[in-house]
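Visitor: To be precise about what I am sending: the file is called run.pdb and holds PDB, C-alpha atoms.
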```pdb
ATOM      1  CA  MET A  53     -21.535  30.932  26.885
ATOM      2  CA  ASP A  54     -18.994  32.294  24.384
ATOM      3  CA  LEU A  55     -16.144  30.455  22.686
ATOM      4  CA  PHE A  56     -13.495  31.407  25.238
ATOM      5  CA  GLU A  57     -15.627  30.224  28.144
ATOM      6  CA  ARG A  58     -16.231  26.875  26.440
ATOM      7  CA  LEU A  59     -12.520  26.501  25.737
ATOM      8  CA  ASN A  60     -11.677  27.323  29.364
ATOM      9  CA  LEU A  61     -14.242  24.766  30.582
ATOM     10  CA  LEU A  62     -12.748  22.122  28.296
ATOM     11  CA  LEU A  63      -9.235  22.809  29.611
ATOM     12  CA  MET A  64     -10.470  22.561  33.194
ATOM     13  CA  ARG A  65     -12.082  19.185  32.477
ATOM     14  CA  LEU A  66      -8.875  17.898  30.875
ATOM     15  CA  ALA A  67      -6.863  19.063  33.881
ATOM     16  CA  GLY A  68      -9.266  17.212  36.165
ATOM     17  CA  TYR A  69      -8.957  14.017  34.139
ATOM     18  CA  LEU A  70      -5.160  14.209  34.196
ATOM     19  CA  HIS A  71      -5.165  14.765  37.946
ATOM     20  CA  ASN A  72      -7.576  11.936  38.803
ATOM     21  CA  GLU A  73      -6.804   9.288  36.131
ATOM     22  CA  PRO A  74      -3.511  10.197  34.398
ATOM     23  CA  LEU A  75      -2.730   6.640  33.239
ATOM     24  CA  VAL A  76      -6.174   6.152  31.677
ATOM     25  CA  VAL A  77      -5.928   9.478  29.837
ATOM     26  CA  LEU A  78      -2.465   8.649  28.496
ATOM     27  CA  VAL A  79      -3.626   5.242  27.264
ATOM     28  CA  GLU A  80      -6.661   6.798  25.570
ATOM     29  CA  LEU A  81      -4.520   9.469  23.889
ATOM     30  CA  ALA A  82      -2.081   6.808  22.689
ATOM     31  CA  LEU A  83      -4.951   4.776  21.230
ATOM     32  CA  PHE A  84      -6.420   7.831  19.486
ATOM     33  CA  TRP A  85      -3.013   8.679  18.009
ATOM     34  CA  ALA A  86      -2.401   5.091  16.854
ATOM     35  CA  ILE A  87      -5.815   4.809  15.188
ATOM     36  CA  THR A  88      -5.422   8.177  13.463
ATOM     37  CA  TYR A  89      -1.934   7.258  12.255
ATOM     38  CA  MET A  90      -3.098   3.904  10.853
ATOM     39  CA  VAL A  91      -6.034   5.532   9.057
ATOM     40  CA  PHE A  92      -3.853   8.156   7.394
ATOM     41  CA  LYS A  93      -1.188   5.587   6.533
ATOM     42  CA  PHE A  94      -3.822   3.349   4.950
ATOM     43  CA  LEU A  95      -5.369   6.217   2.976
ATOM     44  CA  ARG A  96      -2.052   7.713   1.864
ATOM     45  CA  GLY A  97      -1.867   7.931  -1.908
ATOM     46  CA  THR A  98      -5.584   7.169  -2.412
ATOM     47  CA  ARG A  99      -8.575   9.353  -3.259
ATOM     48  CA  GLY A 100      -9.592   8.969   0.384
ATOM     49  CA  ALA A 101      -6.603  11.027   1.529
ATOM     50  CA  ARG A 102      -7.696  13.964  -0.607
ATOM     51  CA  ALA A 103     -11.267  13.584   0.639
ATOM     52  CA  ILE A 104     -10.042  13.637   4.250
ATOM     53  CA  LYS A 105      -8.170  16.908   3.632
ATOM     54  CA  GLY A 106     -11.273  18.432   2.061
ATOM     55  CA  ALA A 107     -13.491  17.258   4.917
ATOM     56  CA  VAL A 108     -11.111  18.684   7.547
ATOM     57  CA  LEU A 109     -10.991  22.020   5.722
ATOM     58  CA  VAL A 110     -14.810  22.181   5.521
ATOM     59  CA  LEU A 111     -15.105  21.263   9.222
ATOM     60  CA  ILE A 112     -12.650  24.009  10.281
ATOM     61  CA  VAL A 113     -14.344  26.670   8.161
ATOM     62  CA  ALA A 114     -17.824  25.581   9.339
ATOM     63  CA  THR A 115     -16.719  25.660  12.995
ATOM     64  CA  LEU A 116     -15.315  29.171  12.684
ATOM     65  CA  ILE A 117     -18.423  30.480  10.919
ATOM     66  CA  ILE A 118     -20.833  28.903  13.401
ATOM     67  CA  LYS A 119     -18.882  30.060  16.449
ATOM     68  CA  ILE A 120     -18.656  33.617  15.120
ATOM     69  CA  LEU A 121     -22.157  34.012  13.667
ATOM     70  CA  GLY A 122     -24.106  31.512  15.727
ATOM     71  CA  SER A 123     -23.511  32.828  19.229
ATOM     72  CA  GLY A 124     -26.533  33.237  21.438
ATOM     73  CA  SER A 125     -29.948  32.765  19.839
ATOM     74  CA  ALA A 126     -28.917  33.972  16.378
ATOM     75  CA  PHE A 127     -28.798  31.569  13.454
ATOM     76  CA  GLU A 128     -30.535  28.780  15.352
ATOM     77  CA  ARG A 129     -31.026  26.723  12.208
ATOM     78  CA  LEU A 130     -27.300  26.902  11.423
ATOM     79  CA  ASN A 131     -26.520  25.771  14.951
ATOM     80  CA  PHE A 132     -28.934  22.870  14.620
ATOM     81  CA  ILE A 133     -27.352  21.735  11.338
ATOM     82  CA  TYR A 134     -23.856  22.048  12.776
ATOM     83  CA  ASN A 135     -24.708  20.095  15.930
ATOM     84  CA  ASN A 136     -26.011  17.250  13.767
ATOM     85  CA  PHE A 137     -23.174  17.537  11.275
ATOM     86  CA  LEU A 138     -21.221  14.569  12.575
ATOM     87  CA  GLY A 139     -24.135  12.219  11.971
ATOM     88  CA  TYR A 140     -24.499  13.399   8.386
ATOM     89  CA  ALA A 141     -20.719  13.357   7.903
ATOM     90  CA  SER A 142     -20.448   9.751   9.093
ATOM     91  CA  LEU A 143     -22.934   8.610   6.461
ATOM     92  CA  ALA A 144     -21.177  10.674   3.797
ATOM     93  CA  MET A 145     -17.780   9.226   4.730
ATOM     94  CA  VAL A 146     -19.082   5.660   4.356
ATOM     95  CA  ILE A 147     -20.182   6.515   0.814
ATOM     96  CA  VAL A 148     -17.012   8.406  -0.113
ATOM     97  CA  PHE A 149     -14.646   5.818   1.339
ATOM     98  CA  GLN A 150     -16.517   2.742   0.092
ATOM     99  CA  PRO A 151     -13.573   1.502  -2.076
ATOM    100  CA  GLU A 152     -11.074   2.072   0.749
ATOM    101  CA  LEU A 153     -13.308   0.313   3.302
ATOM    102  CA  ARG A 154     -13.704  -2.655   0.960
ATOM    103  CA  ARG A 155      -9.927  -2.910   0.549
ATOM    104  CA  ALA A 156      -9.466  -2.708   4.332
ATOM    105  CA  PHE A 157     -11.814  -5.632   4.953
ATOM    106  CA  VAL A 158     -10.149  -7.614   2.149
ATOM    107  CA  ARG A 159      -6.742  -7.066   3.739
ATOM    108  CA  LEU A 160      -7.999  -8.118   7.152
ATOM    109  CA  GLY A 161      -9.690 -11.214   5.757
ATOM    110  CA  GLU A 162      -6.705 -12.380   3.713
ATOM    111  CA  ALA A 163      -3.874 -11.415   6.060
ATOM    112  CA  ARG A 164      -1.480 -14.269   6.749
ATOM    113  CA  LEU A 165      -0.436 -14.988  10.320
ATOM    114  CA  PHE A 166       2.768 -16.797   9.364
ATOM    115  CA  ARG A 167       5.210 -16.049   6.594
ATOM    116  CA  SER A 168       6.375 -18.907   4.441
ATOM    117  CA  ALA A 169      10.003 -18.008   3.757
ATOM    118  CA  THR A 170      13.020 -17.244   5.940
ATOM    119  CA  GLY A 171      15.081 -14.095   5.518
ATOM    120  CA  LEU A 172      17.921 -15.837   3.657
ATOM    121  CA  ARG A 173      15.545 -17.568   1.229
ATOM    122  CA  ARG A 174      13.777 -14.257   0.641
ATOM    123  CA  ALA A 175      17.166 -12.708  -0.133
ATOM    124  CA  GLN A 176      17.890 -15.392  -2.699
ATOM    125  CA  VAL A 177      14.490 -14.795  -4.313
ATOM    126  CA  ILE A 178      15.241 -11.079  -4.547
ATOM    127  CA  GLU A 179      18.637 -11.739  -6.158
ATOM    128  CA  GLU A 180      17.065 -14.037  -8.746
ATOM    129  CA  LEU A 181      14.426 -11.406  -9.467
ATOM    130  CA  ILE A 182      17.022  -8.621  -9.770
ATOM    131  CA  ASN A 183      19.074 -10.675 -12.247
ATOM    132  CA  SER A 184      15.970 -11.319 -14.335
ATOM    133  CA  VAL A 185      14.795  -7.702 -14.221
ATOM    134  CA  SER A 186      18.264  -6.477 -15.238
ATOM    135  CA  TYR A 187      18.246  -8.768 -18.285
ATOM    136  CA  LEU A 188      14.680  -7.874 -19.246
ATOM    137  CA  SER A 189      15.357  -4.154 -18.835
ATOM    138  CA  LYS A 190      18.473  -4.221 -21.024
ATOM    139  CA  ASN A 191      16.589  -6.058 -23.773
ATOM    140  CA  LYS A 192      13.376  -3.985 -23.378
ATOM    141  CA  ILE A 193      11.218  -6.999 -22.587
ATOM    142  CA  GLY A 194       8.073  -6.154 -20.646
ATOM    143  CA  ALA A 195       7.476  -7.852 -17.285
ATOM    144  CA  LEU A 196       5.103  -7.683 -14.322
ATOM    145  CA  VAL A 197       6.054  -9.488 -11.090
ATOM    146  CA  VAL A 198       4.038  -9.489  -7.855
ATOM    147  CA  LEU A 199       5.706 -10.235  -4.513
ATOM    148  CA  GLU A 200       3.002 -11.294  -2.064
ATOM    149  CA  ARG A 201       3.382 -10.086   1.518
ATOM    150  CA  ASP A 202       0.865 -10.329   4.382
ATOM    151  CA  VAL A 203      -2.310 -10.080   2.300
ATOM    152  CA  GLY A 204      -3.041 -13.258   0.345
ATOM    153  CA  LEU A 205      -3.770 -13.045  -3.388
ATOM    154  CA  GLU A 206      -5.819 -16.196  -3.871
ATOM    155  CA  GLY A 207      -8.519 -14.283  -5.705
ATOM    156  CA  VAL A 208      -6.239 -13.184  -8.548
ATOM    157  CA  VAL A 209      -3.978 -16.259  -8.513
ATOM    158  CA  GLN A 210      -6.804 -18.697  -9.181
ATOM    159  CA  ALA A 211      -7.514 -17.102 -12.560
ATOM    160  CA  GLY A 212      -3.909 -17.586 -13.730
ATOM    161  CA  THR A 213      -1.846 -20.617 -14.728
ATOM    162  CA  GLN A 214      -0.727 -22.551 -11.638
ATOM    163  CA  LEU A 215       3.027 -23.279 -11.556
ATOM    164  CA  ASP A 216       4.340 -23.853  -7.991
ATOM    165  CA  ALA A 217       7.987 -23.594  -9.083
ATOM    166  CA  HIS A 218      11.170 -22.286  -7.472
ATOM    167  CA  VAL A 219      11.993 -18.692  -8.345
ATOM    168  CA  SER A 220      14.843 -18.558 -10.832
ATOM    169  CA  ASN A 221      16.264 -16.007 -13.200
ATOM    170  CA  GLU A 222      15.976 -18.411 -16.127
ATOM    171  CA  LEU A 223      12.329 -19.285 -15.495
ATOM    172  CA  LEU A 224      11.281 -15.642 -15.215
ATOM    173  CA  ASN A 225      13.099 -14.762 -18.429
ATOM    174  CA  THR A 226      11.386 -17.653 -20.200
ATOM    175  CA  ILE A 227       7.929 -16.661 -18.977
ATOM    176  CA  PHE A 228       8.291 -13.056 -20.144
ATOM    177  CA  TRP A 229      10.031 -13.855 -23.441
ATOM    178  CA  PRO A 230       8.056 -12.188 -26.274
ATOM    179  CA  GLY A 231       5.724 -14.638 -27.965
ATOM    180  CA  SER A 232       5.285 -16.943 -24.972
ATOM    181  CA  ALA A 233       1.719 -17.663 -23.916
ATOM    182  CA  LEU A 234       2.148 -15.991 -20.501
ATOM    183  CA  HIS A 235       4.362 -12.988 -21.240
ATOM    184  CA  ASP A 236       1.576 -10.353 -21.265
ATOM    185  CA  MET A 237       0.252 -11.064 -17.770
ATOM    186  CA  ALA A 238       1.738 -11.069 -14.261
ATOM    187  CA  VAL A 239       3.770 -13.575 -12.275
ATOM    188  CA  VAL A 240       2.910 -13.978  -8.580
ATOM    189  CA  ILE A 241       5.642 -14.982  -6.117
ATOM    190  CA  ARG A 242       4.684 -16.299  -2.681
ATOM    191  CA  GLY A 243       7.600 -16.917  -0.369
ATOM    192  CA  GLU A 244      10.246 -18.672  -2.467
ATOM    193  CA  ARG A 245       7.825 -20.095  -5.043
ATOM    194  CA  ILE A 246       6.284 -18.840  -8.257
ATOM    195  CA  VAL A 247       2.687 -19.833  -7.587
ATOM    196  CA  ALA A 248       1.152 -18.658 -10.853
ATOM    197  CA  ALA A 249       1.817 -16.924 -14.160
ATOM    198  CA  GLY A 250      -0.495 -15.355 -16.697
ATOM    199  CA  VAL A 251      -2.338 -13.601 -13.862
ATOM    200  CA  GLN A 252      -4.705 -10.739 -14.720
ATOM    201  CA  LEU A 253      -4.405  -7.880 -12.233
ATOM    202  CA  PRO A 254      -7.084  -5.253 -11.504
ATOM    203  CA  LEU A 255      -6.479  -2.063 -13.489
ATOM    204  CA  ALA A 256      -6.499   1.307 -11.769
ATOM    205  CA  GLU A 257      -9.409   3.592 -12.560
ATOM    206  CA  ALA A 258      -8.828   6.346 -15.107
ATOM    207  CA  GLU A 259      -8.743   9.204 -12.577
ATOM    208  CA  GLN A 260      -6.194   7.412 -10.374
ATOM    209  CA  TYR A 261      -3.198   7.311 -12.736
ATOM    210  CA  SER A 262      -1.310   9.354 -15.293
ATOM    211  CA  GLN A 263      -2.521   8.914 -18.859
ATOM    212  CA  GLU A 264       1.015   8.206 -20.004
ATOM    213  CA  LEU A 265       1.134   4.905 -18.094
ATOM    214  CA  GLY A 266       0.792   1.655 -20.027
ATOM    215  CA  SER A 267      -1.348  -1.334 -19.116
ATOM    216  CA  ARG A 268       1.385  -3.005 -17.020
ATOM    217  CA  HIS A 269       1.887   0.104 -14.901
ATOM    218  CA  ARG A 270      -1.875   0.554 -14.554
ATOM    219  CA  ALA A 271      -2.197  -3.045 -13.377
ATOM    220  CA  ALA A 272       0.684  -2.669 -10.910
ATOM    221  CA  TYR A 273      -0.742   0.547  -9.504
ATOM    222  CA  GLY A 274      -4.245  -0.934  -9.340
ATOM    223  CA  LEU A 275      -3.110  -3.990  -7.357
ATOM    224  CA  SER A 276      -1.047  -1.836  -4.982
ATOM    225  CA  LEU A 277      -4.266  -0.025  -4.061
ATOM    226  CA  GLU A 278      -5.982  -3.317  -3.241
ATOM    227  CA  CYS A 279      -3.333  -4.998  -1.065
ATOM    228  CA  ASP A 280       0.157  -4.689   0.428
ATOM    229  CA  ALA A 281       2.009  -6.567  -2.334
ATOM    230  CA  LEU A 282       5.156  -5.237  -4.001
ATOM    231  CA  VAL A 283       4.728  -5.079  -7.790
ATOM    232  CA  VAL A 284       7.755  -4.825 -10.093
ATOM    233  CA  VAL A 285       7.253  -3.522 -13.633
ATOM    234  CA  VAL A 286       9.623  -3.502 -16.608
ATOM    235  CA  SER A 287       8.494  -1.273 -19.457
ATOM    236  CA  GLU A 288       8.418  -2.880 -22.899
ATOM    237  CA  GLU A 289       8.845   0.488 -24.639
ATOM    238  CA  THR A 290      11.714   1.988 -22.632
ATOM    239  CA  GLY A 291      13.046  -0.813 -20.433
ATOM    240  CA  THR A 292      12.637   1.328 -17.317
ATOM    241  CA  ILE A 293      12.099  -0.404 -13.973
ATOM    242  CA  SER A 294       9.279   0.645 -11.635
ATOM    243  CA  LEU A 295       7.942  -0.496  -8.267
ATOM    244  CA  ALA A 296       4.372  -0.082  -7.003
ATOM    245  CA  GLU A 297       3.592  -0.248  -3.288
ATOM    246  CA  ARG A 298       0.470   0.856  -1.388
ATOM    247  CA  GLY A 299      -0.742   3.308  -4.015
ATOM    248  CA  ARG A 300       2.702   4.716  -4.879
ATOM    249  CA  LEU A 301       4.510   4.084  -8.160
ATOM    250  CA  VAL A 302       8.269   4.733  -8.111
ATOM    251  CA  ARG A 303       9.690   4.845 -11.632
ATOM    252  CA  ASN A 304      13.146   4.829 -13.283
ATOM    253  CA  LEU A 305      14.780   2.588 -10.694
ATOM    254  CA  SER A 306      18.190   1.030 -11.222
ATOM    255  CA  PRO A 307      18.678  -2.667 -10.378
ATOM    256  CA  ASP A 308      20.509  -1.627  -7.196
ATOM    257  CA  GLY A 309      17.743   0.816  -6.335
ATOM    258  CA  LEU A 310      15.151  -1.906  -6.862
ATOM    259  CA  ARG A 311      17.128  -4.285  -4.642
ATOM    260  CA  THR A 312      17.209  -1.682  -1.849
ATOM    261  CA  ALA A 313      13.464  -1.069  -2.148
ATOM    262  CA  LEU A 314      12.648  -4.784  -2.101
ATOM    263  CA  VAL A 315      14.897  -5.449   0.894
ATOM    264  CA  ARG A 316      13.213  -2.601   2.723
ATOM    265  CA  GLY A 317       9.758  -3.770   1.679
ATOM    266  CA  MET A 318      10.265  -7.328   2.913
ATOM    267  CA  GLY A 319      10.587  -6.538   6.624
ATOM    268  CA  GLU A 320      12.088  -9.883   7.633
ATOM    269  CA  MET A 321      15.083  -9.163   5.386
ATOM    270  CA  LYS A 322      16.498  -6.793   7.989
ATOM    271  CA  SER A 323      17.855  -9.741   9.940
ATOM    272  CA  VAL A 324      19.645 -11.344   6.990
ATOM    273  CA  ASP A 325      23.421 -11.347   7.217
ATOM    274  CA  SER A 326      24.866  -9.670   4.109
ATOM    275  CA  GLU A 327      27.941 -11.942   4.048
ATOM    276  CA  ASP A 328      25.739 -15.061   4.038
ATOM    277  CA  LEU A 329      23.713 -13.604   1.192
ATOM    278  CA  ALA A 330      26.806 -12.727  -0.834
ATOM    279  CA  ALA A 331      28.278 -16.191  -0.303
ATOM    280  CA  SER A 332      25.006 -17.826  -1.360
ATOM    281  CA  VAL A 333      24.787 -15.746  -4.539
ATOM    282  CA  LYS A 334      28.430 -16.414  -5.453
ATOM    283  CA  MET A 335      27.998 -20.149  -4.921
ATOM    284  CA  LYS A 336      24.944 -20.183  -7.198
ATOM    285  CA  ALA A 337      26.835 -18.210  -9.853
ATOM    286  CA  LYS A 338      29.688 -20.753  -9.800
ATOM    287  CA  LYS A 339      27.248 -23.634 -10.174
ATOM    288  CA  SER A 340      25.576 -21.926 -13.130
ATOM    289  CA  ALA A 341      28.947 -21.353 -14.798
TER     290      ALA A 341
END
```
Show the structure stored in the file as structure tokens.
Guide:
Amino acid sequence: MDLFERLNLLLMRLAGYLHNEPLVVLVELALFWAITYMVFKFLRGTRGARAIKGAVLVLIVATLIIKILGSGSAFERLNFIYNNFLGYASLAMVIVFQPELRRAFVRLGEARLFRSATGLRRAQVIEELINSVSYLSKNKIGALVVLERDVGLEGVVQAGTQLDAHVSNELLNTIFWPGSALHDMAVVIRGERIVAAGVQLPLAEAEQYSQELGSRHRAAYGLSLECDALVVVVSEETGTISLAERGRLVRNLSPDGLRTALVRGMGEMKSVDSEDLAASVKMKAKKSA
């Protein structure tokens, strides 16, 4: 049976499935698409994404070679290897994607079912953070702030200094002031509270980042590979503002650009009324004055 006959037989089977059980086929196709989309979204920006592209390319080339050269009884050993390729590939993928699989299980195990802050409170936290980042950027004071989302960060928080304090512009500026005991490490924000400061974040491996990045950017990028947190970085050398999210590091942000990214990143913020937020911020500014 040649390639065209096999393809025709496959199409006939699909037509039969669609005729007899159309709803089942549609549900199965939707599930396949959803799983594939989630896998690629999870691997985006990681070494696993590049490995997937390489594996797909090898599979396509191998299929073409086998189908052209391995027809009939020729190249029986090649046909045998190809027919058992998926078994070998599955084992290889487990080895190649070991870091990504570990991160996936960590995310599933630490995912929070309920969020601790309302949209308006989240908006106030973001405004306090933006005010602090603007000040730190202008004065070239380094900072590293983690905004926890669905995946809990208990593992890294426990090694830091526990605070459990309201998020405020003044407190953040004090923590990151040069010479303070906690200014070199990260601050972790959960909901509307600063849960810890002086937190050591996992650094990205050497092949995963540009050599020009400093330790703060390496730590931000490294944590973004491990979980879904948003990590804000202020460079001590240049004062530039960066944001790391899911293996992507966006650099040279303005305060307004950072605000937009944070509002987008915190999904519940979409329901916040902008007039309520503006009124809240103005009221706080009057009280501070």
Visitor: Using all atoms listed in the file, which residue out of A:Asn304, A:Gln252, A:Ser287, A:Asn191 lies closest to Ala271 of chain A?
Guide: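 That would be A:Gln252, the residue with the smallest distance to Ala271 of chain A.
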Visitor: Mind giving me the straight-line distance from atom CA of Leu295 of chain A to atom CA of Ala86 of chain A in Å, one decimal?
Guide: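 Between atom CA of Leu295 of chain A and atom CA of Ala86 of chain A the gap is 27.7 Å.
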Visitor: Could you check the closest approach to Glu289 of chain A for each of A:Leu172, A:Val146, A:Val185, A:Ile193 and tell me which residue wins, using only C-alpha atoms?
Guide: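 That would be A:Ile193, the residue with the smallest distance to Glu289 of chain A.
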Visitor: Please list as a list in words every residue within 12 Å of Val208 of chain A, counting all atoms listed in the file and excluding residues in the same chain fewer than 6 positions away.
Guide: Val198, Glu200, Gln214, Met237, Ala238, Val239, Val240, Val247, Ala248, Ala249, Gly250, Val251, Gln252, Leu253, Pro254, Ala271, Leu275, Glu278 and Cys279 of chain A
Visitor: Assuming 4 Å of padding per side, give the centre and edge lengths of the axis-aligned box around every listed atom of segment 142-146 of chain A, in Å to one decimal and as AutoDock Vina command-line options.
Guide:
```
--center_x -20.4 --center_y 8.2 --center_z 6.4 --size_x 13.2 --size_y 13.0 --size_z 13.3
```
Visitor: Please compute the atom CA of Leu224 of chain A-atom CA of Ser184 of chain A distance, one decimal, in Å.
Guide: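 Separation between atom CA of Leu224 of chain A and atom CA of Ser184 of chain A: 6.4 Å.
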Visitor: Suppose you want the space between atom CA of Arg270 of chain A and atom CA of Leu255 of chain A; what is it in Å?
Guide: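 Atom CA of Leu255 of chain A lies 5.4 Å from atom CA of Arg270 of chain A.
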Visitor: Using the chain letters and residue numbers of this document, give as a PyMOL selection string the residues selected by the PyMOL selection byres ((chain A and resi 219) around 10).
Guide: chain A and resi 176-181+216-218+220-224+241-247
Visitor: Would you translate the PyMOL selection byres ((chain A and resi 272) around 10) into the concrete set of residues it matches in this file, as a PyMOL selection string?
Guide: chain A and resi 196-198+238+253-256+267-271+273-277+281-285+294-297+299-301
Visitor: Name the closest residue to Leu188 of chain A among the candidates A:Arg174, A:Asn136, A:Tyr89, A:Gly291; distances are taken between atoms, counting all atoms listed in the file.
Guide: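 Among A:Arg174, A:Asn136, A:Tyr89, A:Gly291, it is A:Gly291 that comes nearest to Leu188 of chain A.
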